[in-house]
$ cat input-v1.csv   # CSV, C-alpha atoms and all ligand atoms
chain,number,residue,atom,x,y,z
T,27,MET,CA,117.7,78.1,105.6
T,28,LYS,CA,116.0,77.1,102.4
T,29,THR,CA,116.9,73.8,100.7
T,30,ARG,CA,119.2,74.7,97.8
T,31,ILE,CA,118.2,72.6,94.8
T,32,HIS,CA,120.2,72.5,91.6
T,33,LEU,CA,118.0,72.0,88.5
T,34,ILE,CA,120.2,70.7,85.7
T,35,CYS,CA,119.3,71.5,82.1
T,36,ALA,CA,121.5,70.9,79.1
T,37,ALA,CA,119.6,70.4,75.9
T,38,ARG,CA,116.3,71.4,74.3
T,39,PRO,CA,114.1,68.6,75.7
T,40,ASN,CA,115.2,69.5,79.2
T,41,PHE,CA,113.9,73.1,79.4
T,42,MET,CA,110.2,72.1,79.4
T,43,LYS,CA,110.9,69.6,82.1
T,44,VAL,CA,112.7,72.0,84.4
T,45,ALA,CA,110.5,75.1,83.9
T,46,PRO,CA,107.3,74.1,85.7
T,47,LEU,CA,109.4,72.8,88.6
T,48,TYR,CA,111.5,76.0,88.8
T,49,HIS,CA,108.2,78.0,89.0
T,50,GLU,CA,106.8,75.7,91.6
T,51,LEU,CA,109.9,75.7,93.8
T,52,SER,CA,110.4,79.5,93.5
T,53,GLY,CA,106.9,80.0,94.9
T,54,SER,CA,107.6,77.8,98.0
T,55,ASP,CA,108.8,78.9,101.4
T,56,TRP,CA,111.3,76.0,101.8
T,57,ALA,CA,113.2,75.6,98.5
T,58,GLN,CA,115.6,77.7,96.6
T,59,PRO,CA,115.9,76.5,93.0
T,60,VAL,CA,119.2,77.1,91.3
T,61,LEU,CA,119.3,76.8,87.5
T,62,VAL,CA,122.4,75.2,86.1
T,63,HIS,CA,122.7,75.1,82.3
T,64,THR,CA,125.5,72.9,81.1
T,65,GLY,CA,125.4,74.3,77.6
T,66,GLN,CA,125.1,71.1,75.5
T,67,HIS,CA,122.6,73.1,73.4
T,68,TYR,CA,123.7,76.7,72.9
T,69,ASP,CA,122.1,78.1,69.7
T,70,VAL,CA,119.4,80.8,70.3
T,71,ASN,CA,116.7,78.6,68.8
T,72,MET,CA,117.8,75.5,70.6
T,73,SER,CA,118.1,77.1,74.0
T,74,ASP,CA,117.6,80.8,74.7
T,75,SER,CA,114.2,81.0,73.1
T,76,PHE,CA,112.9,78.3,75.4
T,77,PHE,CA,114.0,80.3,78.4
T,78,GLN,CA,112.0,83.2,77.1
T,79,ASP,CA,108.9,81.1,76.2
T,80,LEU,CA,108.9,79.2,79.5
T,81,LYS,CA,109.6,82.4,81.5
T,82,LEU,CA,112.8,81.0,83.0
T,83,PRO,CA,115.3,83.6,84.2
T,84,GLU,CA,118.9,83.5,83.1
T,85,PRO,CA,120.6,80.4,84.5
T,86,ASP,CA,122.4,81.0,87.8
T,87,PHE,CA,125.3,79.0,86.3
T,88,HIS,CA,126.3,78.3,82.8
T,89,LEU,CA,129.0,75.6,82.2
T,90,GLY,CA,129.4,76.3,78.5
T,91,ILE,CA,130.2,72.7,77.6
T,92,GLY,CA,129.1,72.8,73.9
T,93,SER,CA,129.3,70.0,71.3
T,94,GLY,CA,131.6,67.1,71.1
T,95,SER,CA,131.7,63.3,71.2
T,96,HIS,CA,129.7,61.5,73.9
T,97,ALA,CA,132.8,60.9,76.1
T,98,GLU,CA,134.0,64.5,75.6
T,99,GLN,CA,130.6,66.0,76.4
T,100,THR,CA,130.1,63.7,79.4
T,101,GLY,CA,133.6,64.1,80.7
T,102,LYS,CA,133.7,67.9,80.4
T,103,THR,CA,130.4,68.1,82.1
T,104,MET,CA,131.5,65.9,85.0
T,105,ILE,CA,134.6,68.0,85.6
T,106,ALA,CA,132.9,71.3,85.4
T,107,TYR,CA,129.9,70.2,87.5
T,108,GLU,CA,132.0,68.6,90.2
T,109,LYS,CA,133.8,71.9,90.6
T,110,LEU,CA,130.5,73.8,90.8
T,111,CYS,CA,129.1,71.4,93.4
T,112,THR,CA,132.2,71.9,95.5
T,113,GLU,CA,131.9,75.7,95.4
T,114,ASP,CA,128.1,76.1,95.5
T,115,LYS,CA,127.2,73.2,97.8
T,116,PRO,CA,123.7,72.3,96.8
T,117,ASP,CA,121.5,70.3,99.2
T,118,VAL,CA,119.9,68.4,96.4
T,119,VAL,CA,120.7,67.9,92.7
T,120,LEU,CA,117.8,67.2,90.3
T,121,VAL,CA,118.5,65.9,86.8
T,122,VAL,CA,115.8,65.3,84.1
T,123,GLY,CA,115.5,63.1,81.0
T,124,ASP,CA,118.3,61.2,79.4
T,125,VAL,CA,120.8,63.5,77.8
T,126,ASN,CA,124.6,63.3,78.4
T,127,ALA,CA,124.4,65.9,81.1
T,128,THR,CA,121.8,63.9,83.0
T,129,ALA,CA,124.2,61.0,83.5
T,130,ALA,CA,127.3,63.3,84.0
T,131,CYS,CA,125.8,65.5,86.7
T,132,VAL,CA,124.2,62.6,88.7
T,133,GLN,CA,127.6,60.9,88.9
T,134,ALA,CA,129.5,64.0,89.9
T,135,ALA,CA,126.9,64.8,92.6
T,136,ALA,CA,126.5,61.3,94.0
T,137,LYS,CA,130.3,60.9,94.5
T,138,LEU,CA,130.2,64.1,96.6
T,139,HIS,CA,127.4,62.5,98.7
T,140,ILE,CA,124.8,65.1,97.6
T,141,PRO,CA,121.3,63.6,97.4
T,142,THR,CA,120.2,63.2,93.8
T,143,VAL,CA,116.8,63.1,92.1
T,144,HIS,CA,116.0,61.8,88.6
T,145,LEU,CA,112.8,63.2,87.0
T,146,GLU,CA,111.5,61.0,84.2
T,147,ALA,CA,113.0,57.9,85.6
T,148,GLY,CA,112.4,54.3,84.6
T,149,LEU,CA,111.9,54.7,80.9
T,150,ARG,CA,113.5,51.9,78.9
T,151,SER,CA,113.7,51.3,75.1
T,152,ASN,CA,115.7,48.1,75.9
T,153,ASP,CA,118.0,49.2,73.0
T,154,ARG,CA,121.5,49.9,74.2
T,155,ARG,CA,122.6,51.2,70.8
T,156,MET,CA,120.8,54.4,71.8
T,157,PRO,CA,123.1,56.8,73.8
T,158,GLU,CA,120.0,57.9,75.8
T,159,GLU,CA,119.3,54.3,77.0
T,160,ILE,CA,122.8,54.1,78.5
T,161,ASN,CA,122.3,57.5,80.2
T,162,ARG,CA,118.9,56.3,81.6
T,163,ILE,CA,120.4,53.1,83.0
T,164,LEU,CA,123.4,54.9,84.5
T,165,THR,CA,121.3,57.7,86.1
T,166,ASP,CA,118.6,55.4,87.5
T,167,SER,CA,121.2,53.1,89.1
T,168,ILE,CA,122.7,56.0,91.0
T,169,ALA,CA,120.0,58.5,91.9
T,170,ASP,CA,118.5,58.5,95.4
T,171,LEU,CA,114.9,59.4,94.3
T,172,LEU,CA,113.4,58.1,91.1
T,173,LEU,CA,110.3,60.0,89.8
T,174,THR,CA,108.5,58.2,87.1
T,175,PRO,CA,105.9,59.4,84.6
T,176,SER,CA,104.0,56.1,84.1
T,177,PRO,CA,103.5,52.6,85.6
T,178,ASP,CA,105.9,51.0,83.1
T,179,GLY,CA,108.7,53.2,84.6
T,180,ASP,CA,108.0,51.8,88.1
T,181,GLU,CA,108.0,48.2,86.7
T,182,ASN,CA,111.3,48.6,84.9
T,183,LEU,CA,113.0,50.0,88.0
T,184,LEU,CA,111.7,47.2,90.2
T,185,ARG,CA,112.8,44.6,87.7
T,186,GLU,CA,116.3,46.1,87.8
T,187,GLY,CA,116.4,45.6,91.6
T,188,ILE,CA,115.8,49.2,92.6
T,189,ALA,CA,114.2,49.5,96.1
T,190,LYS,CA,110.5,50.4,96.1
T,191,GLU,CA,111.0,53.2,98.6
T,192,LYS,CA,113.1,55.1,96.1
T,193,ILE,CA,110.4,55.2,93.4
T,194,VAL,CA,107.6,57.8,93.3
T,195,ARG,CA,105.2,58.1,90.4
T,196,VAL,CA,104.6,61.8,89.7
T,197,GLY,CA,103.2,61.9,86.1
T,198,ASN,CA,104.5,63.7,83.1
T,199,ILE,CA,106.0,67.1,83.8
T,200,MET,CA,105.9,68.2,80.2
T,201,MET,CA,102.2,68.5,80.4
T,202,ASP,CA,102.7,71.1,83.1
T,203,SER,CA,104.8,73.2,80.7
T,204,LEU,CA,102.1,72.8,78.0
T,205,GLU,CA,99.3,73.9,80.3
T,206,LEU,CA,101.5,76.7,81.8
T,207,VAL,CA,101.7,78.5,78.4
T,208,ARG,CA,98.6,77.1,76.7
T,209,PRO,CA,97.1,80.6,76.2
T,210,ARG,CA,100.2,81.8,74.4
T,211,ILE,CA,100.4,78.7,72.3
T,212,GLU,CA,96.8,79.2,71.2
T,213,GLU,CA,97.4,82.8,70.4
T,214,THR,CA,100.6,82.1,68.4
T,215,LYS,CA,98.9,80.5,65.3
T,216,TYR,CA,102.3,79.9,63.7
T,217,TRP,CA,100.6,78.0,60.8
T,218,GLU,CA,99.3,81.3,59.6
T,219,LYS,CA,102.9,82.5,59.0
T,220,LEU,CA,103.4,79.4,56.7
T,221,SER,CA,100.1,80.0,54.9
T,222,LEU,CA,98.6,76.8,56.2
T,223,LYS,CA,95.3,76.0,57.8
T,224,PRO,CA,94.7,74.1,61.0
T,225,GLY,CA,94.2,70.4,60.4
T,226,GLU,CA,95.6,70.6,56.9
T,227,TYR,CA,99.2,69.8,57.4
T,228,GLY,CA,101.5,67.2,59.0
T,229,LEU,CA,104.4,68.1,61.3
T,230,VAL,CA,107.8,66.3,61.0
T,231,THR,CA,110.8,66.1,63.4
T,232,LEU,CA,113.7,63.8,62.9
T,233,HIS,CA,117.1,64.0,64.6
T,234,ARG,CA,118.0,60.6,66.1
T,235,PRO,CA,121.5,59.3,65.0
T,236,SER,CA,119.8,56.0,64.0
T,237,ASN,CA,117.7,57.9,61.4
T,238,VAL,CA,119.9,60.8,60.2
T,239,ASP,CA,123.5,59.8,60.6
T,240,THR,CA,123.7,57.3,57.6
T,241,PRO,CA,123.1,58.5,54.0
T,242,GLU,CA,121.0,55.5,53.0
T,243,LYS,CA,118.6,55.8,55.9
T,244,LEU,CA,118.2,59.5,55.6
T,245,GLU,CA,117.6,59.2,51.9
T,246,GLU,CA,114.9,56.6,52.5
T,247,LEU,CA,113.2,58.9,55.0
T,248,CYS,CA,113.3,61.9,52.6
T,249,GLU,CA,111.8,59.8,49.9
T,250,ALA,CA,109.0,58.6,52.3
T,251,LEU,CA,108.3,62.2,53.2
T,252,VAL,CA,108.1,63.3,49.6
T,253,LYS,CA,105.6,60.5,48.9
T,254,SER,CA,103.4,61.5,52.0
T,255,ALA,CA,103.6,65.1,50.9
T,256,LYS,CA,101.6,64.2,47.8
T,257,GLU,CA,98.6,63.9,50.1
T,258,ILE,CA,99.2,66.5,52.8
T,259,SER,CA,101.6,69.4,53.3
T,260,LEU,CA,104.4,68.7,55.7
T,261,VAL,CA,106.3,71.2,57.9
T,262,PHE,CA,109.8,70.0,58.9
T,263,PRO,CA,111.8,72.1,61.4
T,264,LEU,CA,115.3,70.9,60.9
T,265,HIS,CA,117.4,70.0,64.0
T,266,PRO,CA,121.1,71.1,63.5
T,267,ARG,CA,122.2,67.5,63.3
T,268,THR,CA,119.7,66.7,60.6
T,269,ARG,CA,120.4,69.9,58.6
T,270,LYS,CA,124.1,69.2,58.8
T,271,ASN,CA,123.7,65.6,57.5
T,272,LEU,CA,121.1,66.6,54.8
T,273,GLU,CA,123.8,69.0,53.5
T,274,ALA,CA,126.7,66.6,53.9
T,275,PHE,CA,124.9,63.7,52.1
T,276,ALA,CA,123.5,66.1,49.4
T,277,LEU,CA,119.9,65.2,50.2
T,278,LEU,CA,118.5,68.6,51.2
T,279,HIS,CA,117.4,69.3,47.6
T,280,LEU,CA,114.9,66.3,47.8
T,281,LEU,CA,113.0,68.2,50.4
T,282,GLU,CA,113.5,71.7,49.0
T,283,GLU,CA,112.3,70.7,45.5
T,284,CYS,CA,109.0,69.3,46.9
T,285,GLU,CA,106.5,72.1,46.9
T,286,SER,CA,104.4,70.7,49.8
T,287,ILE,CA,107.3,70.3,52.2
T,288,ILE,CA,108.2,73.4,54.2
T,289,THR,CA,111.6,73.2,56.0
T,290,THR,CA,112.3,75.7,58.8
T,291,GLU,CA,114.9,76.4,61.3
T,292,PRO,CA,114.4,74.8,64.8
T,293,LEU,CA,111.4,76.5,66.3
T,294,GLY,CA,110.9,78.0,69.8
T,295,TYR,CA,108.5,76.2,72.2
T,296,CYS,CA,105.4,78.4,71.6
T,297,ASP,CA,105.9,78.4,67.8
T,298,PHE,CA,106.4,74.7,67.6
T,299,MET,CA,103.6,73.8,70.0
T,300,SER,CA,101.2,76.0,68.1
T,301,LEU,CA,102.0,74.0,64.9
T,302,LEU,CA,101.6,70.8,66.9
T,303,PHE,CA,98.2,71.8,68.3
T,304,ALA,CA,96.7,72.2,64.8
T,305,ALA,CA,98.6,69.4,63.1
T,306,ARG,CA,96.5,66.6,61.4
T,307,LEU,CA,99.3,64.1,62.0
T,308,VAL,CA,102.9,64.0,63.2
T,309,ILE,CA,105.9,62.0,61.9
T,310,THR,CA,108.8,62.0,64.5
T,311,ASP,CA,111.6,60.2,66.2
T,312,SER,CA,111.4,62.4,69.3
T,313,GLY,CA,110.6,61.0,72.8
T,314,GLY,CA,108.7,64.1,74.0
T,315,ILE,CA,106.6,64.5,70.9
T,316,GLN,CA,105.3,60.9,71.3
T,317,GLU,CA,103.9,62.0,74.6
T,318,GLU,CA,102.6,65.4,73.6
T,319,THR,CA,100.7,63.9,70.7
T,320,THR,CA,99.2,61.4,73.1
T,321,TYR,CA,98.1,64.2,75.4
T,322,LEU,CA,96.6,66.2,72.6
T,323,GLY,CA,95.0,63.2,70.8
T,324,ILE,CA,97.0,63.7,67.5
T,325,PRO,CA,97.9,60.7,65.4
T,326,CYS,CA,101.7,60.1,65.6
T,327,LEU,CA,103.9,58.0,63.4
T,328,THR,CA,107.2,57.3,65.2
T,329,ARG,CA,110.1,56.3,63.0
T,330,ARG,CA,111.8,54.0,65.4
T,331,ASP,CA,112.2,50.3,66.0
T,332,ASN,CA,111.3,50.7,69.7
T,333,THR,CA,110.2,53.3,72.2
T,334,GLU,CA,111.0,53.9,75.9
T,335,ARG,CA,107.4,55.4,76.1
T,336,PRO,CA,105.3,52.3,75.4
T,337,ILE,CA,102.3,53.9,77.1
T,338,THR,CA,101.9,56.2,74.1
T,339,ILE,CA,101.2,53.1,72.0
T,340,ALA,CA,99.2,51.1,74.6
T,341,LEU,CA,97.0,54.0,75.6
T,342,GLY,CA,97.7,56.9,73.3
T,343,THR,CA,97.8,57.8,69.6
T,344,ASN,CA,101.3,56.6,68.8
T,345,GLN,CA,102.5,53.9,66.4
T,346,LEU,CA,106.0,52.7,65.5
T,347,VAL,CA,106.7,52.7,61.7
T,348,THR,CA,109.5,51.9,59.3
T,349,SER,CA,110.4,54.6,56.7
T,350,ALA,CA,108.8,52.5,54.0
T,351,GLU,CA,105.5,52.4,55.9
T,352,ILE,CA,105.2,56.1,56.4
T,353,PRO,CA,103.3,57.0,53.1
T,354,GLN,CA,100.7,54.3,53.6
T,355,LYS,CA,100.2,54.9,57.3
T,356,SER,CA,99.9,58.7,56.8
T,357,SER,CA,97.4,58.0,54.1
T,358,ASP,CA,95.4,55.7,56.4
T,359,ILE,CA,95.3,58.5,59.1
T,360,LEU,CA,94.0,61.0,56.6
T,361,LYS,CA,91.2,58.6,55.6
T,362,SER,CA,90.0,57.9,59.1
T,363,GLU,CA,87.8,60.3,60.9
T,364,VAL,CA,88.4,59.2,64.5
T,365,THR,CA,91.6,59.1,66.6
T,366,ASP,CA,91.5,56.6,69.4
T,367,GLY,CA,93.5,57.4,72.4
T,368,ARG,CA,93.5,58.1,76.1
T,369,VAL,CA,95.6,60.3,78.3
T,370,PRO,CA,97.6,58.4,80.9
T,371,GLU,CA,96.9,58.9,84.5
T,372,LEU,CA,98.7,61.8,86.2
T,373,TRP,CA,99.5,63.6,82.9
T,374,ASP,CA,97.4,66.4,84.3
T,375,GLY,CA,99.5,69.5,84.6
T,376,LYS,CA,100.1,69.0,88.3
T,377,THR,CA,103.2,67.0,88.2
T,378,ALA,CA,105.5,69.8,89.5
T,379,GLN,CA,103.5,69.9,92.7
T,380,ARG,CA,104.0,66.2,93.2
T,381,VAL,CA,107.7,66.5,92.4
T,382,ALA,CA,108.2,69.3,94.9
T,383,ARG,CA,106.5,67.2,97.6
T,384,ALA,CA,108.7,64.2,96.9
T,385,ILE,CA,111.9,66.3,97.0
T,386,ARG,CA,110.8,67.8,100.2
T,387,SER,CA,110.5,64.4,101.8
T,388,LEU,CA,114.0,63.6,100.6
T,389,ALA,CA,115.5,66.9,101.9
T,390,VAL,CA,114.1,66.7,105.5
R,401,LIG,C1,120.7,65.6,72.2
R,401,LIG,C2,120.3,64.4,73.1
R,401,LIG,C3,119.0,63.8,72.6
R,401,LIG,C4,117.9,64.8,72.5
R,401,LIG,C5,118.4,65.9,71.6
R,401,LIG,C6,117.3,67.0,71.4
R,401,LIG,C7,122.2,63.2,74.1
R,401,LIG,C8,123.0,61.9,74.1
R,401,LIG,N1,121.3,63.4,73.1
R,401,LIG,O1,121.0,65.0,70.9
R,401,LIG,O2,118.6,62.8,73.6
R,401,LIG,O3,116.7,64.2,71.9
R,401,LIG,O4,119.6,66.5,72.1
R,401,LIG,O5,117.8,67.9,70.5
R,401,LIG,O6,122.4,63.9,75.0
R,401,LIG,N2,124.3,71.6,67.6
R,401,LIG,C9,124.1,72.9,67.2
R,401,LIG,N3,123.6,73.8,68.0
R,401,LIG,C10,123.2,73.5,69.3
R,401,LIG,C11,123.3,72.2,69.7
R,401,LIG,C12,123.9,71.3,68.9
R,401,LIG,O7,124.5,73.2,66.1
R,401,LIG,O8,122.7,74.4,70.0
R,401,LIG,C13,124.8,70.6,66.8
R,401,LIG,C14,126.1,70.0,67.4
R,401,LIG,O9,127.2,70.7,66.9
R,401,LIG,C15,126.1,68.6,66.9
R,401,LIG,C16,124.6,68.3,66.7
R,401,LIG,O10,123.9,69.5,66.7
R,401,LIG,O11,126.7,68.5,65.6
R,401,LIG,C17,124.1,67.4,67.7
R,401,LIG,O12,124.1,68.0,69.0
R,401,LIG,P1,124.2,67.1,70.4
R,401,LIG,O13,123.9,67.9,71.5
R,401,LIG,O14,125.5,66.4,70.4
R,401,LIG,O15,123.2,65.9,70.3
R,401,LIG,P2,121.6,65.9,69.8
R,401,LIG,O16,121.6,65.2,68.5
R,401,LIG,O17,121.0,67.3,69.8
$ encode --input "input-v1.csv" --output "structure tokens"
Amino acid sequence: MKTRIHLICAARPNFMKVAPLYHELSGSDWAQPVLVHTGQHYDVNMSDSFFQDLKLPEPDFHLGIGSGSHAEQTGKTMIAYEKLCTEDKPDVVLVVGDVNATAACVQAAAKLHIPTVHLEAGLRSNDRRMPEEINRILTDSIADLLLTPSPDGDENLLREGIAKEKIVRVGNIMMDSLELVRPRIEETKYWEKLSLKPGEYGLVTLHRPSNVDTPEKLEELCEALVKSAKEISLVFPLHPRTRKNLEAFALLHLLEECESIITTEPLGYCDFMSLLFAARLVITDSGGIQEETTYLGIPCLTRRDNTERPITIALGTNQLVTSAEIPQKSSDILKSEVTDGRVPELWDGKTAQRVARAIRSLAV
């Protein structure tokens, strides 16, 4: 009998963490990966296109949870996933990242005494105003096996009193996804479709509640982008939350009236990564993009007060900025010829193999 492993995915940043592991486990003789999509993200360009790009099959189970407040999303996911666990009886449940489904599913499974694994464990922004930080703390305090991407993850967990035996450093699984589809990313050349040239534009993504949910903050950000766009064209794929708020606060026109800012719908993995590969700089509040820019050696300005990924600053190409600092910092990047940065250890495209080994030792 193969070990039945539920791989939980819910929202856009989860798909590239689950895909390499799904492929690794499907090729093994001991594991049967089962894809469970909770449905937190449901639009074609927030979900389905990632399944196609990352060559994932249709999910085995789709819980169809959809949008809602945090408690609604978390509660509905726990109810639906507890029922699925009771019926499908997985041997192991693996959750990734820090979205609401991560914390919901780990709780449901643990109370049914199913062994649980958290991939991307130990990250801490030390900012409990972020919903993701609450999800991380909850998940790490419950899961049986904690797989970390970098040494700071191990240190945070040990500081919180987690037993050393539960922690395994496996590296960054997102680099596996990137390497898995690198040839297609390189072929895509999405910048051509926008009439841009490699190295001659910046790429922007912003969607955190702390940046886009209040009119004053969002307006300050838009004004900063308009200033930066005087020196370099900017491509800004709009997350649904961001678009909704730009429209609600009547700010979208600030971006649309600026000739050197191109707004687009959210992009699929290959399209987005092809833009990222050739970007001169990045302005973001995403967690994953801080890591991808470090891996690719692209200067990254992160519009946040803190980061749960400090290694991207200590070793990589990332720096935290306020909105007001964005124009000057982007100008500084454009003037400098070299980008200093190193790739952290174990961000090598082989994380899925290490994860599979760690799960196997838990399952036997
Ligand atoms: C969630 C994650 C966040 C992650 C982000 C990536 C949590 C707490 N947050 O935030 O960590 O960085 O995903 O995108 O889990 N919407 C659509 N179509 C969709 C999905 C959402 O229109 O396919 C709309 C929703 O109606 C809602 C908004 O987008 O208005 C936000 O969606 P939600 O999933 O609640 O949170 P995110 O901001 O995406």
$ closest_residue --input "input-v1.csv" --among "T:Val122, T:Ala305, T:Ala255, T:Leu327" --to "ligand LIG 401 (chain R)" --atoms "all atoms listed in the file"
T:Val122
$ closest_residue --input "input-v1.csv" --among "T:Met156, T:Leu82, T:Ile105, T:Cys284" --to "ligand LIG 401 (chain R)" --atoms "all atoms listed in the file"
T:Met156
$ residues_around --input "input-v1.csv" --residues "range 244-250 of chain T" --least-positions-apart "6" --cutoff "6 Å" --atoms "all atoms listed in the file" --output "ChimeraX atom specification"
/T:238,349,353
$ residues_around --input "input-v1.csv" --residues "range 269-274 of chain T" --least-positions-apart "4" --cutoff "8 Å" --atoms "only C-alpha atoms" --output "compact mmCIF listing (two decimals) with C-alpha atoms, in the frame of the given file"
# COMPACT_ATOMS: atom_id res chain seq x y z
CA VAL T 238 119.90 60.80 60.20
CA ASP T 239 123.50 59.80 60.60
CA PRO T 241 123.10 58.50 54.00
CA LEU T 244 118.20 59.50 55.60
CA LEU T 264 115.30 70.90 60.90
CA HIS T 265 117.40 70.00 64.00
CA LEU T 278 118.50 68.60 51.20
$ closest_atom_pairs --input "input-v1.csv" --of "chain T" --to "ligand LIG 401 (chain R)" --cutoff "9 Å" --atoms "all atoms listed in the file" --output "CSV"
residue,atom,partner,partner_atom,distance
T:Ala36,CA,R:LIG401,O6,8.2
T:Ala37,CA,R:LIG401,O4,5.4
T:Arg38,CA,R:LIG401,C6,5.4
T:Pro39,CA,R:LIG401,C6,5.6
T:Asn40,CA,R:LIG401,C6,8.5
T:Gly65,CA,R:LIG401,O8,8.1
T:Gln66,CA,R:LIG401,O13,5.3
T:His67,CA,R:LIG401,O8,3.6
T:Tyr68,CA,R:LIG401,O8,3.8
T:Asp69,CA,R:LIG401,O8,3.8
T:Val70,CA,R:LIG401,O8,7.2
T:Asn71,CA,R:LIG401,O8,7.4
T:Met72,CA,R:LIG401,O8,5.1
T:Ser73,CA,R:LIG401,O8,6.7
T:Gly92,CA,R:LIG401,C11,7.2
T:Ser93,CA,R:LIG401,O9,4.9
T:Gly94,CA,R:LIG401,O14,6.2
T:Ser95,CA,R:LIG401,O14,7.0
T:His96,CA,R:LIG401,C8,6.7
T:Gln99,CA,R:LIG401,O14,7.9
T:Thr100,CA,R:LIG401,O6,8.9
T:Gly123,CA,R:LIG401,O2,8.0
T:Asp124,CA,R:LIG401,O2,6.0
T:Val125,CA,R:LIG401,O6,3.2
T:Asn126,CA,R:LIG401,O6,4.1
T:Ala127,CA,R:LIG401,O6,6.7
T:Thr128,CA,R:LIG401,O6,8.0
T:Met156,CA,R:LIG401,C8,8.1
T:Pro157,CA,R:LIG401,C8,5.1
T:Glu158,CA,R:LIG401,C8,5.3
T:Glu159,CA,R:LIG401,C8,8.9
T:Ile160,CA,R:LIG401,C8,9.0
T:Asn161,CA,R:LIG401,C8,7.6
T:His233,CA,R:LIG401,O16,6.1
T:Arg234,CA,R:LIG401,O16,6.3
T:Pro235,CA,R:LIG401,O16,6.9
T:His265,CA,R:LIG401,O5,6.8
T:Pro266,CA,R:LIG401,O10,4.5
T:Arg267,CA,R:LIG401,C16,4.2
T:Thr268,CA,R:LIG401,O10,7.9
T:Arg269,CA,R:LIG401,O10,8.8
T:Lys270,CA,R:LIG401,O11,7.3
T:Asp311,CA,R:LIG401,O3,8.6
T:Ser312,CA,R:LIG401,O3,6.2
T:Gly313,CA,R:LIG401,O3,6.9
T:Gly314,CA,R:LIG401,O3,8.3
$ write_last_selection --input "input-v1.csv" --atoms "C-alpha atoms" --output "compact mmCIF listing (two decimals), keeping the file's coordinate frame"
# COMPACT_ATOMS: atom_id res chain seq x y z
CA ALA T 36 121.50 70.90 79.10
CA ALA T 37 119.60 70.40 75.90
CA ARG T 38 116.30 71.40 74.30
CA PRO T 39 114.10 68.60 75.70
CA ASN T 40 115.20 69.50 79.20
CA GLY T 65 125.40 74.30 77.60
CA GLN T 66 125.10 71.10 75.50
CA HIS T 67 122.60 73.10 73.40
CA TYR T 68 123.70 76.70 72.90
CA ASP T 69 122.10 78.10 69.70
CA VAL T 70 119.40 80.80 70.30
CA ASN T 71 116.70 78.60 68.80
CA MET T 72 117.80 75.50 70.60
CA SER T 73 118.10 77.10 74.00
CA GLY T 92 129.10 72.80 73.90
CA SER T 93 129.30 70.00 71.30
CA GLY T 94 131.60 67.10 71.10
CA SER T 95 131.70 63.30 71.20
CA HIS T 96 129.70 61.50 73.90
CA GLN T 99 130.60 66.00 76.40
CA THR T 100 130.10 63.70 79.40
CA GLY T 123 115.50 63.10 81.00
CA ASP T 124 118.30 61.20 79.40
CA VAL T 125 120.80 63.50 77.80
CA ASN T 126 124.60 63.30 78.40
CA ALA T 127 124.40 65.90 81.10
CA THR T 128 121.80 63.90 83.00
CA MET T 156 120.80 54.40 71.80
CA PRO T 157 123.10 56.80 73.80
CA GLU T 158 120.00 57.90 75.80
CA GLU T 159 119.30 54.30 77.00
CA ILE T 160 122.80 54.10 78.50
CA ASN T 161 122.30 57.50 80.20
CA HIS T 233 117.10 64.00 64.60
CA ARG T 234 118.00 60.60 66.10
CA PRO T 235 121.50 59.30 65.00
CA HIS T 265 117.40 70.00 64.00
CA PRO T 266 121.10 71.10 63.50
CA ARG T 267 122.20 67.50 63.30
CA THR T 268 119.70 66.70 60.60
CA ARG T 269 120.40 69.90 58.60
CA LYS T 270 124.10 69.20 58.80
CA ASP T 311 111.60 60.20 66.20
CA SER T 312 111.40 62.40 69.30
CA GLY T 313 110.60 61.00 72.80
CA GLY T 314 108.70 64.10 74.00
$ closest_residue --input "input-v1.csv" --among "T:Thr365, T:Lys115, T:His32, T:Phe76" --to "Leu61 in chain T" --atoms "all atoms listed in the file"
T:His32
$ atom_distance --input "input-v1.csv" --atom1 "CA of Ser254 in chain T" --atom2 "CA of Arg306 in chain T"
12.7 Å
$ closest_residue --input "input-v1.csv" --among "T:Ile31, T:Ala169, T:Leu149, T:Ile163" --to "Asn332 in chain T" --atoms "all atoms listed in the file"
T:Leu149
$ residues_around --input "input-v1.csv" --residues "range 356-358 of chain T" --least-positions-apart "5" --cutoff "12 Å" --atoms "only C-alpha atoms" --output "count of residues only"
31
$ closest_residue --input "input-v1.csv" --among "T:Glu218, T:Glu146, T:Asp117, T:Glu108" --to "Val196 in chain T" --atoms "all atoms listed in the file"
T:Glu146
$ closest_residue --input "input-v1.csv" --among "T:Leu302, T:Leu277, T:Val369, T:Met104" --to "Val132 in chain T" --atoms "only C-alpha atoms"
T:Met104
$ residues_around --input "input-v1.csv" --residues "Arg150 in chain T" --least-positions-apart "6" --cutoff "9 Å" --atoms "all atoms listed in the file" --output "NGL selection string"
:T and (159 or 162-163 or 178-179 or 182 or 333-336)
$ atom_distance --input "input-v1.csv" --atom1 "CA of Thr343 in chain T" --atom2 "CA of Gly367 in chain T"
5.1 Å
$ atom_distance --input "input-v1.csv" --atom1 "CA of Leu372 in chain T" --atom2 "CA of Gln133 in chain T"
29.0 Å
$ axis_aligned_box --input "input-v1.csv" --around "range 56-67 of chain T" --padding-each-side "3 Å" --output "lines of an AutoDock Vina configuration file"
center_x = 118.4
center_y = 74.4
center_z = 87.6
size_x = 20.2
size_y = 12.6
size_z = 34.4
